[in-house]
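Have a look at the structure below before the remarks.
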Amino acid sequence: MSFARVALIGFGEVGQILAADLADAGVADIAVYDLLFADPDSAPSRALSRLPVRAGVHAVNAVRGAELVISAVTAASDLDAARAAAGGLESGAFYLDLNSASPGMKQQAAAIVDDAGGRYVEAAVMTPFPPKRIASPMLLGGPHAAAFLERAETMGFDAELFSNTVGRASATKMCRSVMIKGIEALLIESMVTARAHGVEKEVLASLSDLLPVGDWEKLAQYMISRALEHGTRRAEEMRESARTVAEAGLDPLMTASIAERQDWAAGQKAALAEDGFGAMLDAIRARLPS
């Protein structure tokens, strides 16, 4: 038996994708809430007219009566979303936390939901969400993960039972993010600097000799473009990754710096309009202080 009544907390890109896919899967009652509903011109507000959902006046109103609540907010709002929804959770309702937060924050969110009578399920989404949408690979954690998956698989979720405890799935994602977002940050610094000295082709060729991963220029352009496009969200995730590193007792020197570079990259988004890798690098360089 799947879920007939679903509530979404957060109606940004991920929330809108989920709403469309859940409707396609036959969910007839989808309630949504987003803080940006207060602004009628915001992207979440505008999306209400094109998707088969009903907007809650607040989080409690949206989740009341839902069998499944999905939290898809920014990492920094993870606990706020859990607190906001807790007052309206039905006894036994599942609460799927998709947010890119540290293990410690996930454990705090689980305590809030469980204390309210809900069933918290940790989810770590392991790929960018848009390509595969609701079928994006997820690692699930917590004592209620198996019961959730039994009902969710028919709705298109592609999830894997990872742990009976909350925190391990998120730790896996956060540690992976240190590497992936870190490579993006390193490529930005390496390639912008190499372009300034006119040696980007030679640097890329040397990388191909050292690490034969295919077309390094194509990979570098893709990874730098991702940072420019999604730097703000990536920086927030890296701050959670830094929290994860700190929770392990290690000073997050590298991870904190990655967050700063990703934040900086978001300010260079205009360079995406350029045609070609070199032109994109030149556009980034043009914005550097002289």
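Simple scheme: letters A, B, ... for chains in structure tokens order, numbers from 1 for residues in each chain, numbers from 1 for ligands in the order shown.
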Do you know which residues are at most 8 Å from Ser45 in chain A counting only C-alpha atoms, after dropping those on the same chain fewer than 6 positions away, and could you put them as a list in words? Leu36, Phe37 and Asp39 of chain A
Fewer than 3 positions away in the same chain doesn't count, so skip those; otherwise give me all residues within 12 Å of range 73-79 of chain A, counting only C-alpha atoms, as a PyMOL selection string. chain A and resi 8-16+32-36+44+70+82-86+96-113+122+124+170+174+232-241+243
Take the residues from that selection and put them in a file with C-alpha atoms, as a PDB file, in the first residue's frame.
```
ATOM      1  CA  LEU A   8       5.899  18.562   1.121  1.00  0.00           C
ATOM      2  CA  ILE A   9       7.780  21.020   3.324  1.00  0.00           C
ATOM      3  CA  GLY A  10       9.846  23.078   0.912  1.00  0.00           C
ATOM      4  CA  PHE A  11       8.574  23.812  -2.589  1.00  0.00           C
ATOM      5  CA  GLY A  12      11.753  24.730  -4.407  1.00  0.00           C
ATOM      6  CA  GLU A  13      13.248  22.741  -7.280  1.00  0.00           C
ATOM      7  CA  VAL A  14      13.210  19.383  -5.467  1.00  0.00           C
ATOM      8  CA  GLY A  15       9.784  19.919  -3.945  1.00  0.00           C
ATOM      9  CA  GLN A  16       8.275  20.802  -7.309  1.00  0.00           C
ATOM     10  CA  VAL A  32       2.757  21.855   0.180  1.00  0.00           C
ATOM     11  CA  TYR A  33       4.223  24.608   2.283  1.00  0.00           C
ATOM     12  CA  ASP A  34       7.163  26.930   1.725  1.00  0.00           C
ATOM     13  CA  LEU A  35       8.209  30.046   3.620  1.00  0.00           C
ATOM     14  CA  LEU A  36       8.398  31.857   0.278  1.00  0.00           C
ATOM     15  CA  PRO A  44       7.456  28.453  -5.146  1.00  0.00           C
ATOM     16  CA  ILE A  70       8.766  15.001   2.923  1.00  0.00           C
ATOM     17  CA  ALA A  82      11.059  19.508  11.611  1.00  0.00           C
ATOM     18  CA  ARG A  83       9.937  21.818  14.425  1.00  0.00           C
ATOM     19  CA  ALA A  84       7.410  23.569  12.186  1.00  0.00           C
ATOM     20  CA  ALA A  85       5.877  20.294  11.021  1.00  0.00           C
ATOM     21  CA  ALA A  86       5.899  18.553  14.401  1.00  0.00           C
ATOM     22  CA  LEU A  96      11.287  11.644   5.099  1.00  0.00           C
ATOM     23  CA  ASP A  97      14.220  14.023   5.565  1.00  0.00           C
ATOM     24  CA  LEU A  98      15.944  14.599   2.199  1.00  0.00           C
ATOM     25  CA  ASN A  99      18.089  17.514   3.348  1.00  0.00           C
ATOM     26  CA  SER A 100      21.877  17.556   3.056  1.00  0.00           C
ATOM     27  CA  ALA A 101      22.588  17.894   6.760  1.00  0.00           C
ATOM     28  CA  SER A 102      25.211  16.483   9.096  1.00  0.00           C
ATOM     29  CA  PRO A 103      24.600  13.258  11.039  1.00  0.00           C
ATOM     30  CA  GLY A 104      24.250  15.230  14.257  1.00  0.00           C
ATOM     31  CA  MET A 105      21.619  17.512  12.782  1.00  0.00           C
ATOM     32  CA  LYS A 106      19.718  14.534  11.361  1.00  0.00           C
ATOM     33  CA  GLN A 107      19.713  12.924  14.790  1.00  0.00           C
ATOM     34  CA  GLN A 108      18.287  16.100  16.308  1.00  0.00           C
ATOM     35  CA  ALA A 109      15.587  16.216  13.634  1.00  0.00           C
ATOM     36  CA  ALA A 110      14.764  12.560  14.309  1.00  0.00           C
ATOM     37  CA  ALA A 111      14.281  13.310  18.009  1.00  0.00           C
ATOM     38  CA  ILE A 112      11.881  16.164  17.186  1.00  0.00           C
ATOM     39  CA  VAL A 113       9.793  14.014  14.850  1.00  0.00           C
ATOM     40  CA  GLU A 122      16.818   9.671   7.119  1.00  0.00           C
ATOM     41  CA  ALA A 124      20.793  10.767   1.708  1.00  0.00           C
ATOM     42  CA  SER A 170      24.190  11.295   5.925  1.00  0.00           C
ATOM     43  CA  MET A 174      28.746  14.384   3.497  1.00  0.00           C
ATOM     44  CA  THR A 232      25.066  28.820  -2.927  1.00  0.00           C
ATOM     45  CA  ARG A 233      23.402  25.464  -2.271  1.00  0.00           C
ATOM     46  CA  ARG A 234      26.721  23.640  -2.504  1.00  0.00           C
ATOM     47  CA  ALA A 235      28.308  26.028   0.001  1.00  0.00           C
ATOM     48  CA  GLU A 236      25.520  25.330   2.457  1.00  0.00           C
ATOM     49  CA  GLU A 237      26.010  21.594   2.007  1.00  0.00           C
ATOM     50  CA  MET A 238      29.742  21.997   2.531  1.00  0.00           C
ATOM     51  CA  ARG A 239      29.124  23.840   5.789  1.00  0.00           C
ATOM     52  CA  GLU A 240      27.168  20.761   6.855  1.00  0.00           C
ATOM     53  CA  SER A 241      30.054  18.614   5.635  1.00  0.00           C
ATOM     54  CA  ARG A 243      30.078  20.108  10.709  1.00  0.00           C
TER      55      ARG A 243
END
```
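Closest approach to Leu281 in chain A among A:Glu229, A:Asp215, A:Asp115, A:Glu200 is made by A:Glu200 (distances from only C-alpha atoms).
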Enumerate the residues of range 64-224 of chain A with a DSSP assignment of alpha helix (DSSP H), computed from the backbone, and present them as an mmCIF file with N, CA and C atoms, in the first residue's frame.
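Resulting contents of out28.cif:
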```cif
data_model
loop_
_atom_site.group_PDB
_atom_site.id
_atom_site.type_symbol
_atom_site.label_atom_id
_atom_site.label_comp_id
_atom_site.auth_asym_id
_atom_site.auth_seq_id
_atom_site.Cartn_x
_atom_site.Cartn_y
_atom_site.Cartn_z
ATOM 1 N N ASP A 78 16.901 22.568 8.201
ATOM 2 C CA ASP A 78 16.475 21.200 8.489
ATOM 3 C C ASP A 78 15.725 21.100 9.810
ATOM 4 N N LEU A 79 16.295 21.631 10.883
ATOM 5 C CA LEU A 79 15.653 21.543 12.193
ATOM 6 C C LEU A 79 14.420 22.436 12.266
ATOM 7 N N ASP A 80 14.483 23.611 11.644
ATOM 8 C CA ASP A 80 13.319 24.506 11.639
ATOM 9 C C ASP A 80 12.128 23.835 10.972
ATOM 10 N N ALA A 81 12.378 23.113 9.879
ATOM 11 C CA ALA A 81 11.297 22.422 9.170
ATOM 12 C C ALA A 81 10.695 21.327 10.043
ATOM 13 N N ALA A 82 11.557 20.568 10.733
ATOM 14 C CA ALA A 82 11.059 19.508 11.611
ATOM 15 C C ALA A 82 10.221 20.089 12.745
ATOM 16 N N ARG A 83 10.695 21.182 13.332
ATOM 17 C CA ARG A 83 9.937 21.818 14.425
ATOM 18 C C ARG A 83 8.607 22.358 13.912
ATOM 19 N N ALA A 84 8.637 22.971 12.733
ATOM 20 C CA ALA A 84 7.410 23.569 12.186
ATOM 21 C C ALA A 84 6.367 22.513 11.881
ATOM 22 N N ALA A 85 6.819 21.352 11.393
ATOM 23 C CA ALA A 85 5.877 20.294 11.021
ATOM 24 C C ALA A 85 5.392 19.487 12.213
ATOM 25 N N ALA A 86 6.182 19.453 13.278
ATOM 26 C CA ALA A 86 5.899 18.553 14.401
ATOM 27 C C ALA A 86 4.505 18.757 14.983
ATOM 28 N N PRO A 103 25.210 14.313 10.225
ATOM 29 C CA PRO A 103 24.600 13.258 11.039
ATOM 30 C C PRO A 103 24.021 13.781 12.347
ATOM 31 N N GLY A 104 24.753 14.687 12.997
ATOM 32 C CA GLY A 104 24.250 15.230 14.257
ATOM 33 C C GLY A 104 22.950 15.988 14.088
ATOM 34 N N MET A 105 22.853 16.769 13.017
ATOM 35 C CA MET A 105 21.619 17.512 12.782
ATOM 36 C C MET A 105 20.477 16.565 12.446
ATOM 37 N N LYS A 106 20.749 15.527 11.680
ATOM 38 C CA LYS A 106 19.718 14.534 11.361
ATOM 39 C C LYS A 106 19.216 13.854 12.635
ATOM 40 N N GLN A 107 20.112 13.562 13.535
ATOM 41 C CA GLN A 107 19.713 12.924 14.790
ATOM 42 C C GLN A 107 18.839 13.848 15.630
ATOM 43 N N GLN A 108 19.136 15.141 15.607
ATOM 44 C CA GLN A 108 18.287 16.100 16.308
ATOM 45 C C GLN A 108 16.905 16.176 15.667
ATOM 46 N N ALA A 109 16.871 16.175 14.336
ATOM 47 C CA ALA A 109 15.587 16.216 13.634
ATOM 48 C C ALA A 109 14.774 14.960 13.942
ATOM 49 N N ALA A 110 15.445 13.814 13.997
ATOM 50 C CA ALA A 110 14.764 12.560 14.309
ATOM 51 C C ALA A 110 14.115 12.627 15.685
ATOM 52 N N ALA A 111 14.829 13.203 16.651
ATOM 53 C CA ALA A 111 14.281 13.310 18.009
ATOM 54 C C ALA A 111 13.027 14.187 18.025
ATOM 55 N N ILE A 112 13.044 15.270 17.248
ATOM 56 C CA ILE A 112 11.881 16.164 17.186
ATOM 57 C C ILE A 112 10.672 15.428 16.616
ATOM 58 N N VAL A 113 10.886 14.727 15.518
ATOM 59 C CA VAL A 113 9.793 14.014 14.850
ATOM 60 C C VAL A 113 9.279 12.867 15.712
ATOM 61 N N ASP A 114 10.185 12.088 16.259
ATOM 62 C CA ASP A 114 9.773 10.951 17.077
ATOM 63 C C ASP A 114 9.030 11.404 18.326
ATOM 64 N N ASP A 115 9.481 12.497 18.939
ATOM 65 C CA ASP A 115 8.791 13.020 20.124
ATOM 66 C C ASP A 115 7.376 13.476 19.791
ATOM 67 N N PHE A 129 19.548 15.837 -8.106
ATOM 68 C CA PHE A 129 18.160 15.382 -8.131
ATOM 69 C C PHE A 129 17.477 15.464 -9.499
ATOM 70 N N PRO A 130 17.655 16.534 -10.267
ATOM 71 C CA PRO A 130 16.842 16.677 -11.486
ATOM 72 C C PRO A 130 16.907 15.539 -12.497
ATOM 73 N N PRO A 131 18.085 14.956 -12.799
ATOM 74 C CA PRO A 131 18.065 13.971 -13.906
ATOM 75 C C PRO A 131 17.129 12.793 -13.668
ATOM 76 N N LYS A 132 17.237 12.160 -12.495
ATOM 77 C CA LYS A 132 16.435 10.966 -12.228
ATOM 78 C C LYS A 132 15.203 11.256 -11.385
ATOM 79 N N ALA A 145 12.961 3.000 8.403
ATOM 80 C CA ALA A 145 13.290 3.057 6.984
ATOM 81 C C ALA A 145 12.694 1.885 6.206
ATOM 82 N N ALA A 146 12.755 0.699 6.761
ATOM 83 C CA ALA A 146 12.246 -0.478 6.050
ATOM 84 C C ALA A 146 10.744 -0.382 5.824
ATOM 85 N N ALA A 147 10.012 0.059 6.852
ATOM 86 C CA ALA A 147 8.562 0.188 6.719
ATOM 87 C C ALA A 147 8.197 1.256 5.696
ATOM 88 N N PHE A 148 8.976 2.339 5.678
ATOM 89 C CA PHE A 148 8.733 3.383 4.670
ATOM 90 C C PHE A 148 8.957 2.841 3.273
ATOM 91 N N LEU A 149 10.079 2.165 3.063
ATOM 92 C CA LEU A 149 10.433 1.702 1.722
ATOM 93 C C LEU A 149 9.413 0.700 1.202
ATOM 94 N N GLU A 150 8.859 -0.109 2.064
ATOM 95 C CA GLU A 150 7.860 -1.088 1.656
ATOM 96 C C GLU A 150 6.669 -0.415 0.984
ATOM 97 N N ARG A 151 6.336 0.777 1.462
ATOM 98 C CA ARG A 151 5.199 1.503 0.891
ATOM 99 C C ARG A 151 5.601 2.458 -0.239
ATOM 100 N N ALA A 152 6.861 2.868 -0.247
ATOM 101 C CA ALA A 152 7.289 3.917 -1.180
ATOM 102 C C ALA A 152 7.770 3.396 -2.523
ATOM 103 N N ARG A 168 24.322 7.445 9.692
ATOM 104 C CA ARG A 168 25.323 6.811 8.836
ATOM 105 C C ARG A 168 25.105 7.163 7.359
ATOM 106 N N ALA A 169 23.859 7.214 6.925
ATOM 107 C CA ALA A 169 23.588 7.568 5.524
ATOM 108 C C ALA A 169 24.069 8.985 5.225
ATOM 109 N N SER A 170 23.767 9.913 6.128
ATOM 110 C CA SER A 170 24.190 11.295 5.925
ATOM 111 C C SER A 170 25.704 11.426 5.981
ATOM 112 N N ALA A 171 26.338 10.673 6.864
ATOM 113 C CA ALA A 171 27.798 10.708 6.932
ATOM 114 C C ALA A 171 28.402 10.271 5.602
ATOM 115 N N THR A 172 27.803 9.265 4.983
ATOM 116 C CA THR A 172 28.287 8.793 3.686
ATOM 117 C C THR A 172 28.202 9.902 2.647
ATOM 118 N N LYS A 173 27.059 10.577 2.607
ATOM 119 C CA LYS A 173 26.892 11.647 1.621
ATOM 120 C C LYS A 173 27.812 12.828 1.908
ATOM 121 N N MET A 174 27.928 13.226 3.159
ATOM 122 C CA MET A 174 28.746 14.384 3.497
ATOM 123 C C MET A 174 30.215 14.144 3.165
ATOM 124 N N CYS A 175 30.710 12.939 3.467
ATOM 125 C CA CYS A 175 32.109 12.640 3.163
ATOM 126 C C CYS A 175 32.334 12.582 1.653
ATOM 127 N N ARG A 176 31.374 12.057 0.927
ATOM 128 C CA ARG A 176 31.465 12.059 -0.537
ATOM 129 C C ARG A 176 31.476 13.493 -1.062
ATOM 130 N N SER A 177 30.669 14.351 -0.476
ATOM 131 C CA SER A 177 30.589 15.738 -0.928
ATOM 132 C C SER A 177 31.901 16.482 -0.723
ATOM 133 N N VAL A 178 32.624 16.160 0.349
ATOM 134 C CA VAL A 178 33.933 16.780 0.551
ATOM 135 C C VAL A 178 34.801 16.557 -0.682
ATOM 136 N N MET A 179 34.760 15.353 -1.225
ATOM 137 C CA MET A 179 35.561 15.038 -2.408
ATOM 138 C C MET A 179 35.019 15.724 -3.662
ATOM 139 N N ILE A 180 33.723 15.560 -3.943
ATOM 140 C CA ILE A 180 33.161 16.065 -5.207
ATOM 141 C C ILE A 180 33.191 17.588 -5.254
ATOM 142 N N LYS A 181 32.675 18.238 -4.217
ATOM 143 C CA LYS A 181 32.679 19.708 -4.212
ATOM 144 C C LYS A 181 34.086 20.256 -4.064
ATOM 145 N N GLY A 182 34.950 19.463 -3.405
ATOM 146 C CA GLY A 182 36.336 19.877 -3.297
ATOM 147 C C GLY A 182 37.038 19.865 -4.636
ATOM 148 N N ILE A 183 36.780 18.854 -5.448
ATOM 149 C CA ILE A 183 37.361 18.806 -6.791
ATOM 150 C C ILE A 183 36.878 19.999 -7.616
ATOM 151 N N GLU A 184 35.597 20.338 -7.490
ATOM 152 C CA GLU A 184 35.079 21.517 -8.192
ATOM 153 C C GLU A 184 35.847 22.771 -7.787
ATOM 154 N N ALA A 185 36.039 22.941 -6.478
ATOM 155 C CA ALA A 185 36.741 24.125 -5.976
ATOM 156 C C ALA A 185 38.185 24.156 -6.467
ATOM 157 N N LEU A 186 38.846 23.004 -6.459
ATOM 158 C CA LEU A 186 40.225 22.936 -6.932
ATOM 159 C C LEU A 186 40.318 23.239 -8.427
ATOM 160 N N LEU A 187 39.375 22.737 -9.194
ATOM 161 C CA LEU A 187 39.388 23.003 -10.628
ATOM 162 C C LEU A 187 39.189 24.486 -10.922
ATOM 163 N N ILE A 188 38.312 25.140 -10.160
ATOM 164 C CA ILE A 188 38.139 26.582 -10.349
ATOM 165 C C ILE A 188 39.458 27.305 -10.141
ATOM 166 N N GLU A 189 40.118 27.044 -9.024
ATOM 167 C CA GLU A 189 41.362 27.750 -8.722
ATOM 168 C C GLU A 189 42.458 27.390 -9.724
ATOM 169 N N SER A 190 42.554 26.118 -10.064
ATOM 170 C CA SER A 190 43.595 25.686 -10.990
ATOM 171 C C SER A 190 43.380 26.271 -12.381
ATOM 172 N N MET A 191 42.160 26.157 -12.895
ATOM 173 C CA MET A 191 41.905 26.545 -14.285
ATOM 174 C C MET A 191 41.877 28.056 -14.484
ATOM 175 N N VAL A 192 41.304 28.801 -13.542
ATOM 176 C CA VAL A 192 41.309 30.265 -13.679
ATOM 177 C C VAL A 192 42.741 30.783 -13.625
ATOM 178 N N THR A 193 43.545 30.220 -12.736
ATOM 179 C CA THR A 193 44.951 30.619 -12.638
ATOM 180 C C THR A 193 45.724 30.208 -13.891
ATOM 181 N N ALA A 194 45.486 28.973 -14.358
ATOM 182 C CA ALA A 194 46.178 28.504 -15.559
ATOM 183 C C ALA A 194 45.825 29.365 -16.769
ATOM 184 N N ARG A 195 44.564 29.761 -16.857
ATOM 185 C CA ARG A 195 44.145 30.618 -17.985
ATOM 186 C C ARG A 195 44.856 31.959 -17.934
ATOM 187 N N ALA A 196 45.048 32.484 -16.736
ATOM 188 C CA ALA A 196 45.744 33.770 -16.597
ATOM 189 C C ALA A 196 47.176 33.676 -17.109
ATOM 190 N N HIS A 197 47.778 32.504 -16.984
ATOM 191 C CA HIS A 197 49.151 32.309 -17.435
ATOM 192 C C HIS A 197 49.216 31.663 -18.825
ATOM 193 N N GLU A 200 46.398 26.599 -19.593
ATOM 194 C CA GLU A 200 45.331 25.671 -19.190
ATOM 195 C C GLU A 200 45.354 24.380 -20.005
ATOM 196 N N LYS A 201 45.704 24.468 -21.291
ATOM 197 C CA LYS A 201 45.750 23.268 -22.126
ATOM 198 C C LYS A 201 46.823 22.305 -21.620
ATOM 199 N N GLU A 202 47.974 22.860 -21.264
ATOM 200 C CA GLU A 202 49.074 22.033 -20.782
ATOM 201 C C GLU A 202 48.737 21.394 -19.430
ATOM 202 N N VAL A 203 48.069 22.152 -18.579
ATOM 203 C CA VAL A 203 47.686 21.600 -17.273
ATOM 204 C C VAL A 203 46.692 20.460 -17.449
ATOM 205 N N LEU A 204 45.719 20.657 -18.316
ATOM 206 C CA LEU A 204 44.727 19.609 -18.557
ATOM 207 C C LEU A 204 45.371 18.371 -19.171
ATOM 208 N N ALA A 205 46.327 18.577 -20.065
ATOM 209 C CA ALA A 205 47.024 17.446 -20.672
ATOM 210 C C ALA A 205 47.805 16.664 -19.623
ATOM 211 N N SER A 206 48.416 17.376 -18.696
ATOM 212 C CA SER A 206 49.178 16.689 -17.648
ATOM 213 C C SER A 206 48.250 15.925 -16.715
ATOM 214 N N LEU A 207 47.048 16.448 -16.488
ATOM 215 C CA LEU A 207 46.082 15.727 -15.666
ATOM 216 C C LEU A 207 45.650 14.443 -16.361
ATOM 217 N N SER A 208 45.509 14.502 -17.673
ATOM 218 C CA SER A 208 45.111 13.311 -18.424
ATOM 219 C C SER A 208 46.158 12.216 -18.314
ATOM 220 N N ASP A 209 47.441 12.612 -18.271
ATOM 221 C CA ASP A 209 48.510 11.633 -18.111
ATOM 222 C C ASP A 209 48.490 11.020 -16.718
ATOM 223 N N LEU A 210 48.196 11.866 -15.727
ATOM 224 C CA LEU A 210 48.248 11.410 -14.337
ATOM 225 C C LEU A 210 46.989 10.648 -13.930
ATOM 226 N N TRP A 216 39.440 15.674 -19.919
ATOM 227 C CA TRP A 216 39.574 16.526 -18.746
ATOM 228 C C TRP A 216 38.991 17.931 -18.976
ATOM 229 N N GLU A 217 39.111 18.438 -20.188
ATOM 230 C CA GLU A 217 38.535 19.766 -20.436
ATOM 231 C C GLU A 217 37.018 19.724 -20.296
ATOM 232 N N LYS A 218 36.396 18.702 -20.834
ATOM 233 C CA LYS A 218 34.945 18.555 -20.710
ATOM 234 C C LYS A 218 34.547 18.384 -19.248
ATOM 235 N N LEU A 219 35.312 17.580 -18.523
ATOM 236 C CA LEU A 219 35.014 17.369 -17.109
ATOM 237 C C LEU A 219 35.187 18.655 -16.306
ATOM 238 N N ALA A 220 36.279 19.375 -16.583
ATOM 239 C CA ALA A 220 36.534 20.622 -15.856
ATOM 240 C C ALA A 220 35.435 21.647 -16.129
ATOM 241 N N GLN A 221 35.042 21.774 -17.391
ATOM 242 C CA GLN A 221 33.979 22.725 -17.725
ATOM 243 C C GLN A 221 32.681 22.344 -17.027
ATOM 244 N N TYR A 222 32.357 21.058 -17.025
ATOM 245 C CA TYR A 222 31.129 20.599 -16.374
ATOM 246 C C TYR A 222 31.165 20.886 -14.877
ATOM 247 N N MET A 223 32.258 20.535 -14.213
ATOM 248 C CA MET A 223 32.313 20.668 -12.757
ATOM 249 C C MET A 223 32.344 22.138 -12.333
ATOM 250 N N ILE A 224 33.078 22.962 -13.078
ATOM 251 C CA ILE A 224 33.102 24.392 -12.752
ATOM 252 C C ILE A 224 31.728 25.007 -13.003
#
```
Surrounding residues of Gly141 in chain A excluding itself and chain neighbours under 2 positions, 8 Å, only C-alpha atoms, as an NGL selection string: :A and (121-123 or 139 or 143-145 or 161-169)
Atoms to include: C-alpha atoms. Write the selected residues as a PDB file, in the first residue's frame.
```
ATOM      1  CA  VAL A 121      13.382   8.349   8.016  1.00  0.00           C
ATOM      2  CA  GLU A 122      16.818   9.671   7.119  1.00  0.00           C
ATOM      3  CA  ALA A 123      17.495   9.959   3.393  1.00  0.00           C
ATOM      4  CA  LEU A 139      20.389   5.759   1.167  1.00  0.00           C
ATOM      5  CA  PRO A 143      14.415   2.219  12.536  1.00  0.00           C
ATOM      6  CA  HIS A 144      11.445   3.162  10.314  1.00  0.00           C
ATOM      7  CA  ALA A 145      13.290   3.057   6.984  1.00  0.00           C
ATOM      8  CA  LEU A 161      18.080   0.366   3.174  1.00  0.00           C
ATOM      9  CA  PHE A 162      21.442   1.470   4.522  1.00  0.00           C
ATOM     10  CA  SER A 163      21.307   1.487   8.306  1.00  0.00           C
ATOM     11  CA  ASN A 164      18.920   0.969  11.202  1.00  0.00           C
ATOM     12  CA  THR A 165      20.425   3.998  12.914  1.00  0.00           C
ATOM     13  CA  VAL A 166      20.139   7.653  11.941  1.00  0.00           C
ATOM     14  CA  GLY A 167      23.353   9.363  10.843  1.00  0.00           C
ATOM     15  CA  ARG A 168      25.323   6.811   8.836  1.00  0.00           C
ATOM     16  CA  ALA A 169      23.588   7.568   5.524  1.00  0.00           C
TER      17      ALA A 169
END
```
Tell me, as a VMD selection string, which residues lie within 7 Å of Val63 in chain A, counting only C-alpha atoms; anything in the same chain fewer than 6 positions away does not count. chain A and resid 7 69 85 88 to 89
Next, write the just-selected residues to a file, as a JSON list (two decimals), in the first residue's frame, keeping N, CA and C atoms as the atom set.
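Here's the written file result_15.json:
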```json
[["chain", "number", "residue", "atom", "x", "y", "z"],
["A", 7, "ALA", "N", 2.52, 15.34, 2.19],
["A", 7, "ALA", "CA", 2.80, 16.77, 2.38],
["A", 7, "ALA", "C", 4.27, 17.04, 2.10],
["A", 69, "VAL", "N", 5.24, 12.89, 5.18],
["A", 69, "VAL", "CA", 5.73, 14.27, 5.08],
["A", 69, "VAL", "C", 7.15, 14.20, 4.55],
["A", 85, "ALA", "N", 6.82, 21.35, 11.39],
["A", 85, "ALA", "CA", 5.88, 20.29, 11.02],
["A", 85, "ALA", "C", 5.39, 19.49, 12.21],
["A", 88, "GLY", "N", 1.76, 19.37, 13.63],
["A", 88, "GLY", "CA", 0.65, 18.86, 12.83],
["A", 88, "GLY", "C", 0.79, 17.41, 12.44],
["A", 89, "LEU", "N", 1.88, 16.75, 12.84],
["A", 89, "LEU", "CA", 2.11, 15.37, 12.43],
["A", 89, "LEU", "C", 1.06, 14.43, 13.01]]
```
Taking only C-alpha atoms into account, which of A:Leu272, A:Leu288, A:Tyr95, A:Ala227 comes nearest Ala259 in chain A? A:Ala227
Taking only range 47-150 of chain A into account, list the residues labelled strand (DSSP E or B) by DSSP (computed from the backbone), as a PDB file with C-alpha atoms, in the first residue's frame.
```pdb
ATOM      1  CA  ARG A  54      -2.868  22.599  -2.417  1.00  0.00           C
ATOM      2  CA  ALA A  55      -0.916  25.182  -0.444  1.00  0.00           C
ATOM      3  CA  LEU A  68       3.952  10.941   4.553  1.00  0.00           C
ATOM      4  CA  VAL A  69       5.725  14.269   5.078  1.00  0.00           C
ATOM      5  CA  ILE A  70       8.766  15.001   2.923  1.00  0.00           C
ATOM      6  CA  SER A  71      11.192  17.684   4.041  1.00  0.00           C
ATOM      7  CA  PHE A  94       6.383   9.011   8.140  1.00  0.00           C
ATOM      8  CA  TYR A  95       8.744  11.990   7.917  1.00  0.00           C
ATOM      9  CA  LEU A  96      11.287  11.644   5.099  1.00  0.00           C
ATOM     10  CA  ASP A  97      14.220  14.023   5.565  1.00  0.00           C
ATOM     11  CA  ARG A 119       8.317   8.077  12.201  1.00  0.00           C
ATOM     12  CA  TYR A 120      11.536   9.717  11.057  1.00  0.00           C
ATOM     13  CA  VAL A 121      13.382   8.349   8.016  1.00  0.00           C
ATOM     14  CA  GLU A 122      16.818   9.671   7.119  1.00  0.00           C
ATOM     15  CA  ALA A 123      17.495   9.959   3.393  1.00  0.00           C
ATOM     16  CA  ALA A 124      20.793  10.767   1.708  1.00  0.00           C
ATOM     17  CA  VAL A 125      20.284  11.598  -1.983  1.00  0.00           C
ATOM     18  CA  PRO A 137      19.375   6.925  -5.649  1.00  0.00           C
ATOM     19  CA  MET A 138      18.900   7.376  -1.908  1.00  0.00           C
ATOM     20  CA  LEU A 139      20.389   5.759   1.167  1.00  0.00           C
ATOM     21  CA  LEU A 140      17.814   5.351   3.932  1.00  0.00           C
ATOM     22  CA  GLY A 141      18.510   5.208   7.641  1.00  0.00           C
TER      23      GLY A 141
END
```
Distance criterion (only C-alpha atoms): nearest to Met155 in chain A out of A:Pro289, A:Gly26, A:Gly267, A:Gly118: A:Gly26
Dump as CSV the rows for residues of range 130-181 of chain A within 10 Å of range 18-24 of chain A: closest atom pair and distance in Å with one decimal, only C-alpha atoms counted, ordered by chain and rising residue number.
```
residue,atom,partner,partner_atom,distance
A:Pro130,CA,A:Leu18,CA,9.9
A:Arg133,CA,A:Leu18,CA,7.2
A:Ile134,CA,A:Leu18,CA,6.1
A:Ala135,CA,A:Asp21,CA,9.4
A:Met155,CA,A:Leu22,CA,6.8
A:Gly156,CA,A:Asp21,CA,8.1
A:Phe157,CA,A:Leu22,CA,9.7
```
Grab the residues selected above and save them as a short mmCIF file (atom, residue, chain, number, x, y, z; two decimals), in the first residue's frame with C-alpha atoms.
```cif
data_model
loop_
_atom_site.label_atom_id
_atom_site.label_comp_id
_atom_site.auth_asym_id
_atom_site.auth_seq_id
_atom_site.Cartn_x
_atom_site.Cartn_y
_atom_site.Cartn_z
CA PRO A 130 16.84 16.68 -11.49
CA ARG A 133 13.91 12.95 -10.18
CA ILE A 134 12.02 10.79 -7.67
CA ALA A 135 14.13 7.82 -8.81
CA MET A 155 5.68 5.39 -6.07
CA GLY A 156 8.95 5.47 -8.00
CA PHE A 157 11.49 5.94 -5.20
#
```
